[in-house]
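Raw contents of target_7.cif, mmCIF, C-alpha atoms:
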```
data_work
loop_
_atom_site.label_atom_id
_atom_site.label_comp_id
_atom_site.auth_asym_id
_atom_site.auth_seq_id
_atom_site.Cartn_x
_atom_site.Cartn_y
_atom_site.Cartn_z
CA MET A 1 -7.55 12.69 47.13
CA ASP A 2 -8.66 14.38 43.91
CA ALA A 3 -7.02 13.18 40.70
CA ILE A 4 -4.29 15.48 39.36
CA ARG A 5 -4.73 16.38 35.69
CA ASN A 6 -2.01 15.08 33.33
CA THR A 7 -1.09 18.36 31.66
CA VAL A 8 2.12 16.85 30.22
CA LEU A 9 0.17 14.35 28.12
CA GLU A 10 -2.28 17.07 27.06
CA ALA A 11 0.60 19.28 25.92
CA TRP A 12 2.16 16.41 23.92
CA MET A 13 -1.14 15.66 22.19
CA THR A 14 -1.67 19.32 21.29
CA GLU A 15 1.87 19.62 19.91
CA HIS A 16 1.51 16.53 17.73
CA GLY A 17 -2.06 17.10 16.58
CA TYR A 18 -3.77 14.20 18.38
CA SER A 19 -7.35 14.20 19.57
CA SER A 20 -8.44 11.73 22.24
CA ASN A 21 -9.98 9.50 19.59
CA SER A 22 -7.03 9.58 17.20
CA LEU A 23 -4.53 8.79 19.98
CA ALA A 24 -6.74 5.88 21.09
CA ASP A 25 -6.76 4.55 17.50
CA ALA A 26 -2.97 4.86 17.21
CA VAL A 27 -2.39 3.04 20.50
CA ASN A 28 -4.88 0.31 19.52
CA ARG A 29 -2.88 -0.33 16.32
CA ALA A 30 0.35 -0.45 18.32
CA VAL A 31 -1.24 -2.91 20.77
CA GLU A 32 -2.18 -5.13 17.82
CA GLN A 33 1.40 -5.08 16.53
CA LEU A 34 2.65 -6.07 19.99
CA THR A 35 0.07 -8.71 20.91
CA GLY A 36 -1.73 -9.71 17.73
CA ARG A 37 -5.00 -8.42 19.16
CA VAL A 38 -6.58 -5.04 18.46
CA GLY A 39 -6.56 -2.75 21.52
CA GLY A 40 -9.86 -1.81 23.17
CA LEU A 41 -9.25 1.89 23.86
CA ASP A 42 -11.54 4.72 22.82
CA GLY A 43 -11.62 8.47 23.31
CA SER A 44 -12.95 8.13 26.87
CA SER A 45 -9.89 6.04 27.81
CA VAL A 46 -7.54 8.83 26.75
CA ARG A 47 -9.69 11.45 28.47
CA ALA A 48 -9.32 9.40 31.68
CA TRP A 49 -5.53 9.61 31.25
CA LYS A 50 -5.67 13.37 30.77
CA ALA A 51 -7.97 13.85 33.76
CA GLY A 52 -5.62 11.80 35.94
CA ARG A 53 -8.27 9.18 36.71
CA VAL A 54 -5.87 6.59 35.25
CA ALA A 55 -2.39 7.50 36.48
CA TRP A 56 -0.59 4.37 35.22
CA PRO A 57 -2.04 2.44 32.21
CA LYS A 58 -1.80 -1.34 31.95
CA SER A 59 1.47 -2.84 30.75
CA ALA A 60 0.62 -3.60 27.09
CA THR A 61 -1.21 -0.29 26.69
CA ARG A 62 1.66 1.59 28.28
CA THR A 63 4.23 -0.06 25.98
CA ALA A 64 2.08 0.69 22.92
CA LEU A 65 1.72 4.33 24.00
CA GLU A 66 5.49 4.59 24.39
CA ASP A 67 5.91 3.16 20.86
CA VAL A 68 3.51 5.75 19.44
CA THR A 69 5.02 8.73 21.24
CA GLY A 70 8.66 7.70 21.38
CA LEU A 71 8.72 8.68 25.08
CA PRO A 72 8.66 6.68 28.33
CA ALA A 73 5.37 6.81 30.21
CA VAL A 74 6.85 8.82 33.08
CA ALA A 75 7.96 11.50 30.59
CA LEU A 76 4.32 11.75 29.50
CA GLY A 77 3.20 12.63 33.02
CA PHE A 78 2.14 9.18 34.19
CA VAL A 79 2.99 8.10 37.76
CA PRO A 80 3.95 4.45 38.50
CA ARG A 81 1.94 2.74 41.20
CA GLY A 82 3.50 3.08 44.63
CA ARG A 83 5.19 6.39 43.87
CA PRO A 84 4.01 9.55 45.57
CA SER A 85 1.72 11.78 43.56
CA PRO A 86 3.16 14.98 42.12
CA THR A 87 3.44 17.97 44.44
CA PRO A 88 0.16 19.88 44.73
CA ALA A 89 -0.21 22.95 42.57
CA PRO A 90 1.53 26.08 43.99
CA SER A 91 -0.36 29.06 45.31
CA HIS A 92 -1.08 32.02 43.04
CA GLN A 93 1.90 34.01 44.42
CA GLU A 94 4.23 31.00 44.15
CA GLU A 95 3.10 30.42 40.58
CA HIS A 96 3.75 34.10 39.73
CA ASP A 97 7.29 33.90 41.15
CA MET A 98 8.00 30.64 39.32
CA LYS A 99 6.86 32.10 35.98
CA ARG A 100 9.05 35.19 36.53
CA ARG A 101 12.12 33.05 37.32
CA THR A 102 11.41 30.81 34.34
CA LEU A 103 11.08 33.80 32.02
CA VAL A 104 14.33 35.40 33.24
CA GLY A 105 16.16 32.08 33.05
CA GLY A 106 14.78 31.42 29.59
CA ILE A 107 15.94 34.78 28.29
CA ALA A 108 19.42 34.19 29.69
CA ALA A 109 19.59 30.71 28.19
CA ALA A 110 18.42 32.00 24.80
CA ALA A 111 21.05 34.73 24.86
CA ALA A 112 23.77 32.24 25.71
CA ALA A 113 22.65 29.93 22.92
CA ALA A 114 22.63 32.79 20.41
CA ALA A 115 26.15 33.76 21.44
CA ALA A 116 27.52 30.22 21.12
CA PRO A 117 28.66 29.32 17.60
CA GLY A 118 27.47 26.15 15.88
CA THR A 119 24.82 25.21 18.45
CA ALA A 120 21.71 25.26 16.23
CA SER A 121 19.04 22.86 17.46
CA PRO A 122 18.57 19.67 15.40
CA ARG A 123 15.79 19.57 12.83
CA ARG A 124 12.44 18.16 13.94
CA ILE A 125 10.96 15.71 11.45
CA GLY A 126 7.16 15.66 11.46
CA MET A 127 4.16 14.21 9.63
CA SER A 128 4.22 17.17 7.24
CA ASP A 129 7.53 15.81 5.88
CA VAL A 130 5.97 12.36 5.46
CA ASN A 131 2.92 13.87 3.73
CA ARG A 132 5.10 15.74 1.24
CA LEU A 133 6.79 12.49 0.25
CA ASN A 134 3.44 10.71 -0.05
CA LYS A 135 2.12 13.44 -2.34
CA ARG A 136 5.00 12.83 -4.72
CA PHE A 137 4.33 9.09 -4.40
CA ALA A 138 0.76 9.67 -5.63
CA GLU A 139 2.22 11.28 -8.76
CA ILE A 140 4.35 8.18 -9.39
CA ILE A 141 1.27 5.95 -9.05
CA ALA A 142 -0.57 8.11 -11.59
CA SER A 143 2.35 7.77 -14.00
CA ASP A 144 2.37 4.02 -13.49
CA HIS A 145 -1.32 3.79 -14.46
CA ARG A 146 -0.60 5.71 -17.67
CA HIS A 147 2.58 3.92 -18.74
CA GLY A 148 3.46 1.02 -16.42
CA GLY A 149 6.61 -1.04 -16.29
CA GLN A 150 8.97 1.74 -17.31
CA PRO A 151 12.49 1.92 -15.82
CA GLY A 152 11.94 5.64 -15.20
CA ILE A 153 9.01 4.92 -12.87
CA GLU A 154 11.07 2.29 -11.05
CA GLU A 155 13.98 4.72 -10.60
CA ARG A 156 11.75 7.54 -9.31
CA ALA A 157 10.07 5.25 -6.79
CA ALA A 158 13.42 3.88 -5.58
CA ALA A 159 14.84 7.40 -5.23
CA LEU A 160 11.83 8.42 -3.16
CA ALA A 161 12.42 5.40 -0.88
CA ASP A 162 16.00 6.58 -0.36
CA GLU A 163 14.72 10.06 0.54
CA ALA A 164 12.44 8.56 3.19
CA LEU A 165 15.42 6.72 4.73
CA ASN A 166 17.59 9.82 4.62
CA LEU A 167 14.95 11.73 6.56
CA GLN A 168 15.29 9.19 9.38
CA ASN A 169 18.79 10.54 10.03
CA ALA A 170 18.04 14.20 9.34
CA GLY A 171 16.74 15.07 12.82
CA SER A 172 14.62 14.03 15.77
CA ALA A 173 11.17 12.50 15.39
CA THR A 174 8.50 10.67 17.35
CA GLN A 175 8.07 6.94 16.99
CA ARG A 176 4.88 7.58 15.03
CA VAL A 177 6.75 9.69 12.47
CA ARG A 178 9.61 7.18 12.22
CA SER A 179 7.19 4.31 11.66
CA SER A 180 5.40 6.35 9.00
CA LEU A 181 8.70 7.09 7.24
CA TYR A 182 9.61 3.39 7.20
CA ALA A 183 6.12 2.55 5.89
CA SER A 184 6.41 5.20 3.17
CA GLY A 185 9.87 3.98 2.22
CA ALA A 186 8.52 0.43 1.99
CA ALA A 187 5.61 1.62 -0.17
CA PHE A 188 7.95 3.50 -2.51
CA ARG A 189 10.29 0.53 -2.80
CA SER A 190 7.27 -1.71 -3.40
CA SER A 191 6.24 0.51 -6.32
CA ALA A 192 9.75 0.17 -7.75
CA MET A 193 9.32 -3.59 -7.36
CA TRP A 194 5.97 -3.48 -9.18
CA ALA A 195 7.39 -1.41 -12.06
CA ALA A 196 10.15 -4.00 -12.46
CA ILE A 197 7.61 -6.86 -12.39
CA ASP A 198 5.43 -5.07 -14.94
CA GLY A 199 8.48 -4.63 -17.16
CA ARG A 200 9.45 -8.30 -16.71
CA ARG A 201 12.73 -7.36 -14.96
CA TYR A 202 12.33 -10.05 -12.34
CA GLU A 203 15.84 -10.16 -10.84
CA VAL A 204 15.69 -6.41 -10.24
CA ALA A 205 12.20 -6.84 -8.77
CA LYS A 206 13.54 -9.39 -6.26
CA ALA A 207 16.18 -6.90 -5.06
CA HIS A 208 13.49 -4.24 -4.52
CA MET A 209 11.34 -6.84 -2.75
CA ARG A 210 14.04 -7.66 -0.19
CA GLU A 211 14.58 -3.99 0.63
CA ALA A 212 10.83 -3.33 0.82
CA GLN A 213 10.29 -6.28 3.17
CA SER A 214 12.99 -5.03 5.53
CA LEU A 215 11.48 -1.54 5.68
CA ALA A 216 7.97 -2.92 6.14
CA GLU A 217 9.09 -4.94 9.17
CA MET A 218 10.59 -1.83 10.76
CA SER A 219 7.40 0.12 10.12
CA GLY A 220 5.06 -2.48 11.59
CA ASP A 221 2.48 -1.41 8.97
CA GLN A 222 0.30 -4.37 8.00
CA ALA A 223 -1.08 -2.73 4.87
CA ILE A 224 2.34 -2.31 3.30
CA LYS A 225 3.35 -5.83 4.36
CA PHE A 226 0.25 -7.06 2.53
CA ARG A 227 1.17 -5.11 -0.58
CA ILE A 228 4.73 -6.41 -0.77
CA TRP A 229 3.86 -10.09 -0.27
CA SER A 230 0.92 -9.78 -2.63
CA HIS A 231 3.26 -8.29 -5.25
CA ALA A 232 5.65 -11.18 -4.63
CA GLY A 233 2.84 -13.62 -5.37
CA THR A 234 2.10 -11.82 -8.64
CA MET A 235 5.78 -11.82 -9.58
CA TYR A 236 6.12 -15.58 -9.11
CA ARG A 237 2.87 -16.11 -11.03
CA HIS A 238 4.27 -14.18 -14.01
CA MET A 239 7.46 -16.24 -13.73
CA GLY A 240 5.44 -19.46 -14.03
CA ARG A 241 6.09 -20.57 -10.43
CA PRO A 242 2.57 -21.08 -9.01
CA ALA A 243 3.69 -22.90 -5.84
CA ASP A 244 5.94 -19.98 -4.83
CA ALA A 245 3.24 -17.54 -5.90
CA CYS A 246 0.66 -19.25 -3.68
CA ALA A 247 3.03 -19.32 -0.69
CA ALA A 248 3.86 -15.60 -1.00
CA ASN A 249 0.22 -14.62 -1.47
CA ASP A 250 -0.72 -16.71 1.57
CA VAL A 251 1.60 -14.57 3.72
CA ALA A 252 -0.41 -11.52 2.64
CA ARG A 253 -3.78 -13.21 3.09
CA ASN A 254 -2.94 -14.44 6.62
CA LEU A 255 -2.24 -10.96 8.00
CA HIS A 256 -4.77 -9.73 10.60
CA LEU A 257 -5.58 -6.86 8.23
CA THR A 258 -7.54 -9.14 5.91
CA ARG A 259 -9.87 -10.11 8.76
CA ARG A 260 -10.54 -6.48 9.61
CA ASP A 261 -11.02 -5.14 6.08
CA PRO A 262 -12.95 -7.15 3.45
CA LEU A 263 -11.37 -5.14 0.61
CA PHE A 264 -7.89 -6.44 1.48
CA ALA A 265 -9.38 -9.92 1.81
CA SER A 266 -10.96 -9.53 -1.63
CA LEU A 267 -7.69 -8.54 -3.29
CA GLY A 268 -5.86 -11.45 -1.67
CA LEU A 269 -8.52 -13.89 -2.85
CA ALA A 270 -8.64 -12.47 -6.38
CA ARG A 271 -4.88 -12.80 -6.74
CA GLN A 272 -5.12 -16.30 -5.30
CA GLY A 273 -7.68 -17.09 -8.00
CA ALA A 274 -5.28 -15.89 -10.70
CA ILE A 275 -2.57 -18.15 -9.25
CA HIS A 276 -4.94 -21.14 -9.23
CA GLY A 277 -5.68 -20.42 -12.89
CA THR A 278 -1.96 -20.58 -13.72
CA ALA A 279 -1.75 -23.89 -11.81
CA GLN A 280 -4.77 -25.25 -13.78
CA ASN A 281 -6.89 -25.67 -10.62
CA ARG A 282 -10.30 -24.99 -12.11
CA THR A 283 -12.44 -25.55 -9.01
CA ASP A 284 -10.15 -23.53 -6.72
CA THR A 285 -10.11 -20.70 -9.26
CA ARG A 286 -13.91 -20.46 -9.33
CA ARG A 287 -14.20 -20.60 -5.54
CA ALA A 288 -11.52 -17.94 -5.02
CA PHE A 289 -13.26 -15.47 -7.33
CA GLU A 290 -16.66 -16.15 -5.78
CA ARG A 291 -15.22 -15.39 -2.35
CA ALA A 292 -13.34 -12.34 -3.67
CA GLN A 293 -16.56 -10.93 -5.12
CA ASP A 294 -18.45 -11.56 -1.89
CA ALA A 295 -15.74 -9.84 0.17
CA MET A 296 -15.73 -6.83 -2.15
CA LEU A 297 -19.48 -6.43 -1.76
CA ARG A 298 -19.07 -6.47 2.05
CA ALA A 299 -16.34 -3.79 2.05
CA ASP A 300 -17.38 -0.34 3.28
CA PRO A 301 -16.29 2.24 0.66
CA ALA A 302 -16.05 4.90 3.38
CA ASP A 303 -13.31 3.09 5.34
CA HIS A 304 -9.88 4.71 5.38
CA ARG A 305 -7.40 2.84 3.15
CA PRO A 306 -3.93 3.50 1.68
CA VAL A 307 -3.71 5.52 -1.53
CA TRP A 308 -2.03 2.68 -3.42
CA LEU A 309 -4.99 0.34 -2.79
CA LEU A 310 -7.68 2.89 -3.67
CA ALA A 311 -5.76 3.82 -6.81
CA PHE A 312 -6.22 0.46 -8.50
CA TYR A 313 -8.33 -2.16 -6.71
CA ASP A 314 -11.99 -2.12 -7.68
CA GLN A 315 -14.47 -4.23 -9.64
CA ALA A 316 -12.51 -3.70 -12.85
CA GLU A 317 -9.31 -5.08 -11.32
CA LEU A 318 -11.16 -8.09 -9.91
CA ASP A 319 -12.52 -8.85 -13.39
CA SER A 320 -9.05 -8.30 -14.89
CA LEU A 321 -7.58 -10.96 -12.60
CA ALA A 322 -10.48 -13.31 -13.42
CA LEU A 323 -9.85 -12.70 -17.13
CA SER A 324 -6.20 -13.72 -16.70
CA ALA A 325 -7.14 -16.84 -14.73
CA TYR A 326 -9.75 -18.12 -17.17
CA LEU A 327 -7.46 -17.47 -20.13
CA SER A 328 -4.86 -19.67 -18.43
CA LEU A 329 -7.53 -22.36 -17.89
CA GLY A 330 -8.60 -22.24 -21.55
CA ASP A 331 -12.15 -21.20 -20.58
CA TYR A 332 -12.35 -18.55 -23.28
CA PRO A 333 -16.08 -17.63 -23.10
CA THR A 334 -15.75 -16.90 -19.36
CA ALA A 335 -12.53 -14.98 -20.01
CA GLU A 336 -14.32 -12.89 -22.66
CA TYR A 337 -17.15 -12.18 -20.21
CA HIS A 338 -14.76 -10.82 -17.58
CA ALA A 339 -12.87 -8.80 -20.21
CA HIS A 340 -16.01 -6.93 -21.25
CA ARG A 341 -16.94 -6.33 -17.59
CA CYS A 342 -13.48 -4.99 -16.89
CA LEU A 343 -13.42 -2.63 -19.89
CA ALA A 344 -16.89 -1.33 -18.99
CA SER A 345 -15.85 -0.27 -15.48
CA LEU A 346 -12.20 0.77 -15.92
CA ARG A 347 -11.49 4.30 -14.74
CA PRO A 348 -10.36 6.63 -17.58
CA HIS A 349 -6.82 7.10 -16.25
CA MET A 350 -6.11 3.33 -16.21
CA VAL A 351 -4.42 3.42 -19.61
CA ARG A 352 -2.00 0.56 -18.95
CA SER A 353 -4.77 -1.69 -17.59
CA ARG A 354 -6.99 -0.96 -20.60
CA ALA A 355 -4.21 -1.98 -22.99
CA ILE A 356 -3.60 -5.25 -21.11
CA THR A 357 -7.31 -6.11 -20.94
CA THR A 358 -7.88 -5.31 -24.61
CA THR A 359 -4.98 -7.57 -25.59
CA ARG A 360 -6.30 -10.41 -23.45
CA LEU A 361 -9.76 -9.98 -24.94
CA ALA A 362 -8.23 -10.33 -28.41
CA HIS A 363 -6.66 -13.63 -27.31
CA ALA A 364 -9.99 -14.90 -25.95
CA LEU A 365 -11.81 -14.03 -29.17
CA LEU A 366 -9.15 -15.62 -31.38
CA ALA A 367 -9.22 -18.84 -29.34
CA GLN A 368 -12.99 -19.03 -30.04
CA GLY A 369 -12.42 -18.79 -33.80
CA ALA A 370 -13.38 -15.12 -34.23
CA ALA A 371 -10.19 -14.05 -36.05
CA GLU A 372 -11.59 -10.85 -37.57
CA ALA A 373 -13.14 -9.61 -34.31
CA ALA A 374 -9.97 -10.55 -32.43
CA THR A 375 -7.77 -8.62 -34.85
CA ALA A 376 -10.03 -5.57 -34.77
CA THR A 377 -9.83 -5.69 -30.96
CA ALA A 378 -6.04 -6.03 -30.89
CA MET A 379 -5.73 -3.06 -33.23
CA LYS A 380 -7.37 -0.86 -30.57
CA VAL A 381 -4.27 -1.13 -28.36
CA PRO A 382 -2.39 2.20 -28.54
CA ALA A 383 0.98 2.12 -30.30
CA ASP A 384 2.70 3.49 -27.20
CA ALA A 385 1.58 0.52 -25.06
CA ALA A 386 2.16 -1.97 -27.87
CA THR A 387 5.79 -0.97 -28.32
CA ARG A 388 6.89 0.27 -24.87
CA HIS A 389 5.11 -1.92 -22.32
CA ALA A 390 6.92 -5.26 -21.98
CA ARG A 391 3.89 -7.35 -21.02
CA VAL A 392 1.59 -5.86 -23.68
CA SER A 393 4.27 -6.14 -26.35
CA ARG A 394 4.88 -9.80 -25.58
CA MET A 395 1.17 -10.67 -25.53
CA LEU A 396 0.66 -8.96 -28.90
CA GLN A 397 3.58 -10.87 -30.40
CA GLU A 398 1.97 -14.08 -29.13
CA PHE A 399 -1.36 -12.94 -30.60
CA GLY A 400 0.25 -12.40 -34.02
CA ALA A 401 1.85 -15.84 -33.94
CA ALA A 402 -1.47 -17.47 -32.96
CA LEU A 403 -3.31 -15.54 -35.68
CA ARG A 404 -0.87 -16.69 -38.37
CA ALA A 405 -1.20 -20.27 -37.13
CA THR A 406 -5.01 -20.06 -37.09
CA ALA A 407 -5.63 -18.26 -40.38
CA PRO A 408 -2.49 -18.40 -42.55
CA ARG A 409 -2.49 -16.42 -45.81
CA SER A 410 -5.79 -14.74 -44.89
CA THR A 411 -6.57 -11.06 -45.39
CA THR A 412 -6.87 -10.80 -41.60
CA VAL A 413 -3.20 -11.76 -41.19
CA GLN A 414 -2.25 -9.23 -43.86
CA THR A 415 -4.25 -6.52 -42.07
CA TRP A 416 -2.54 -7.33 -38.79
CA THR A 417 0.93 -7.34 -40.36
CA GLU A 418 0.36 -3.95 -41.95
CA HIS A 419 -0.96 -2.56 -38.67
CA THR A 420 2.06 -3.72 -36.65
CA THR A 421 4.31 -2.10 -39.25
CA THR A 422 2.74 1.27 -38.40
CA TRP A 423 3.54 0.60 -34.73
CA ARG A 424 7.21 0.07 -35.53
CA THR A 425 7.25 3.25 -37.59
CA ALA A 426 5.62 5.22 -34.77
CA ALA A 427 8.14 3.87 -32.25
#
```
Would you write the structure of this file as structure tokens?
Amino acid sequence: MDAIRNTVLEAWMTEHGYSSNSLADAVNRAVEQLTGRVGGLDGSSVRAWKAGRVAWPKSATRTALEDVTGLPAVALGFVPRGRPSPTPAPSHQEEHDMKRRTLVGGIAAAAAAAAAPGTASPRRIGMSDVNRLNKRFAEIIASDHRHGGQPGIEERAAALADEALNLQNAGSATQRVRSSLYASGAAFRSSAMWAAIDGRRYEVAKAHMREAQSLAEMSGDQAIKFRIWSHAGTMYRHMGRPADACAANDVARNLHLTRRDPLFASLGLARQGAIHGTAQNRTDTRRAFERAQDAMLRADPADHRPVWLLAFYDQAELDSLALSAYLSLGDYPTAEYHAHRCLASLRPHMVRSRAITTTRLAHALLAQGAAEAATATAMKVPADAATRHARVSRMLQEFGAALRATAPRSTTVQTWTEHTTTWRTAA
């Protein structure tokens, strides 16, 4: 018997904008979330479904497909083994009569619906709604790179996370859309967490972290899980808790994602190196950064990655983390080397990162006895960052204290004191 084409699945794919290849990719990701192994489907597998050559996919594949579509397999036109095949297609005359009856019945049903008060159909939530939220998220990320750590950024990101959750209850949606909304909500809440970390508001950051972790689990998105646990590692590192930092960062590094994508592996290793620096593990620090650099060189720039990762992680960020680690270790020449590399490759919009790196470079120079060069470097930090960014402000206060201890009553100290007075006036 000839295979009967699965027109129901074809119609669903057309309605939701899936090609054979893109549906295969989505199901493969769902299989990985279910089994821990990436699925082996490709476009030809889906074409076999549509052609009816595969009438009932294997169990794990079928469950993953149901997760992606939000529909049971039988509602997608698949026929369980042992059941009779669908009735053969009607003759031309039968098909004409069926269409006429359907049309007449449809008109009558539409008229009845129009006459009935308060029976508007529920809203359909789609990927266009998710994309609109993500566009606004990109604007928050841009603001974070300019200013960083501000309560306003944290509040905007948290509000956007609430909007994503509200959309879940605003209408019907496929499982793919719902998972994307949870992933977006987790990403927004994670950005609120990062703003709180950057502003040294750690208790608030922990509250955002718990909410973000819950949303990430519901989304099943490994990339956002990586981001949240990696942020947690950074938070504990800034709090001076390297054991907790290492444990949190290990959760991120052990996700399957890091084995598929060397860029995620590189970020996890670079942050691990910074943690080892805080813990005074010199050998582990060096090894982590060597491996992070190697992984970055293996990463394919053309691979699809989340906007939050592409927005900040590059060679400059790797050198920034190395700078932080070697400062903690007291290896000031190596720290200075990474500072200059970072400043040379920083993208123009990374204003916050430039201020942090410049301040750390000043510390490295001062620790090597170059007080004048260190002061001149510290004076390059913009007044806005020096007075409004919690981390930069604290590091500059520590720089001033170290400068006064190193070269008391010198003209360099006087120059620095006068310069910081202009900051306070500007603020």
Within 12 Å of range 311-325 of chain A, which residues of range 174-260 of chain A come that close, and what is the closest atom pair and distance in Å for each? Count only C-alpha atoms and give it as a Markdown table.
```
| residue | atom | partner | partner_atom | distance |
| --- | --- | --- | --- | --- |
| A:Arg227 | CA | A:Tyr313 | CA | 11.7 |
| A:Thr234 | CA | A:Leu321 | CA | 10.5 |
| A:Arg237 | CA | A:Ala325 | CA | 10.7 |
| A:His238 | CA | A:Ser324 | CA | 10.8 |
```
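Put simply, the PyMOL selection byres ((chain A and resi 413) around 10) on this file hits Ala371, Glu372, Thr375, Gly400, Ala401, Leu403, Arg404, Ala405, Thr406, Ala407, Pro408, Arg409, Ser410, Thr411, Thr412, Gln414, Thr415, Trp416, Thr417, Glu418 and His419 of chain A.
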I need the chosen residues saved as a tab-separated table (two decimals), in the frame of the given file, with C-alpha atoms.
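Written output follows (again.tsv):
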```
chain	number	residue	atom	x	y	z
A	371	ALA	CA	-10.19	-14.05	-36.05
A	372	GLU	CA	-11.59	-10.85	-37.57
A	375	THR	CA	-7.77	-8.62	-34.85
A	400	GLY	CA	0.25	-12.40	-34.02
A	401	ALA	CA	1.85	-15.84	-33.94
A	403	LEU	CA	-3.31	-15.54	-35.68
A	404	ARG	CA	-0.87	-16.69	-38.37
A	405	ALA	CA	-1.20	-20.27	-37.13
A	406	THR	CA	-5.01	-20.06	-37.09
A	407	ALA	CA	-5.63	-18.26	-40.38
A	408	PRO	CA	-2.49	-18.40	-42.55
A	409	ARG	CA	-2.49	-16.42	-45.81
A	410	SER	CA	-5.79	-14.74	-44.89
A	411	THR	CA	-6.57	-11.06	-45.39
A	412	THR	CA	-6.87	-10.80	-41.60
A	414	GLN	CA	-2.25	-9.23	-43.86
A	415	THR	CA	-4.25	-6.52	-42.07
A	416	TRP	CA	-2.54	-7.33	-38.79
A	417	THR	CA	0.93	-7.34	-40.36
A	418	GLU	CA	0.36	-3.95	-41.95
A	419	HIS	CA	-0.96	-2.56	-38.67
```
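Distance-wise, CA of Arg124 in chain A and CA of His16 in chain A end up 11.7 Å apart.
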| field | Result set of the PyMOL selection byres ((chain A and resi 285) around 12) on the coordinates above, as a ChimeraX atom specification | value | /A:269-284,286-292,321-329,331
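Note that the spacing between CA of Arg298 in chain A and CA of Pro262 in chain A amounts to 6.3 Å.
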Return as AutoDock Vina command-line options the box centre and box size in Å, one decimal, for an axis-aligned box around all listed atoms of range 349-364 of chain A padded by 8 Å per side.
```
--center_x -6.0 --center_y -3.9 --center_z -22.3 --size_x 24.0 --size_y 38.0 --size_z 28.2
```
Which residues of range 275-352 of chain A have any atom within 12 Å of an atom in range 163-186 of chain A when counting all atoms listed in the file, and what is the closest pair of atoms for each, with the distance in Å to one decimal? Order the rows by chain and rising number and write it as CSV.
```
residue,atom,partner,partner_atom,distance
A:Pro306,CA,A:Ser184,CA,10.6
A:Val307,CA,A:Ser184,CA,11.2
A:Trp308,CA,A:Ser184,CA,11.0
```
Keeping only C-alpha atoms, write the selected residues as a short mmCIF file (atom, residue, chain, number, x, y, z; two decimals), keeping the file's coordinate frame.
```cif
data_model
loop_
_atom_site.label_atom_id
_atom_site.label_comp_id
_atom_site.auth_asym_id
_atom_site.auth_seq_id
_atom_site.Cartn_x
_atom_site.Cartn_y
_atom_site.Cartn_z
CA PRO A 306 -3.93 3.50 1.68
CA VAL A 307 -3.71 5.52 -1.53
CA TRP A 308 -2.03 2.68 -3.42
#
```
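In this structure, CA of Ala24 in chain A sits 21.7 Å away from CA of Asp300 in chain A.
Using all atoms listed in the file for every distance, the candidate list A:Thr357, A:Thr35, A:Gln222, A:Ser59 yields A:Gln222 as the residue closest to Ala252 in chain A.
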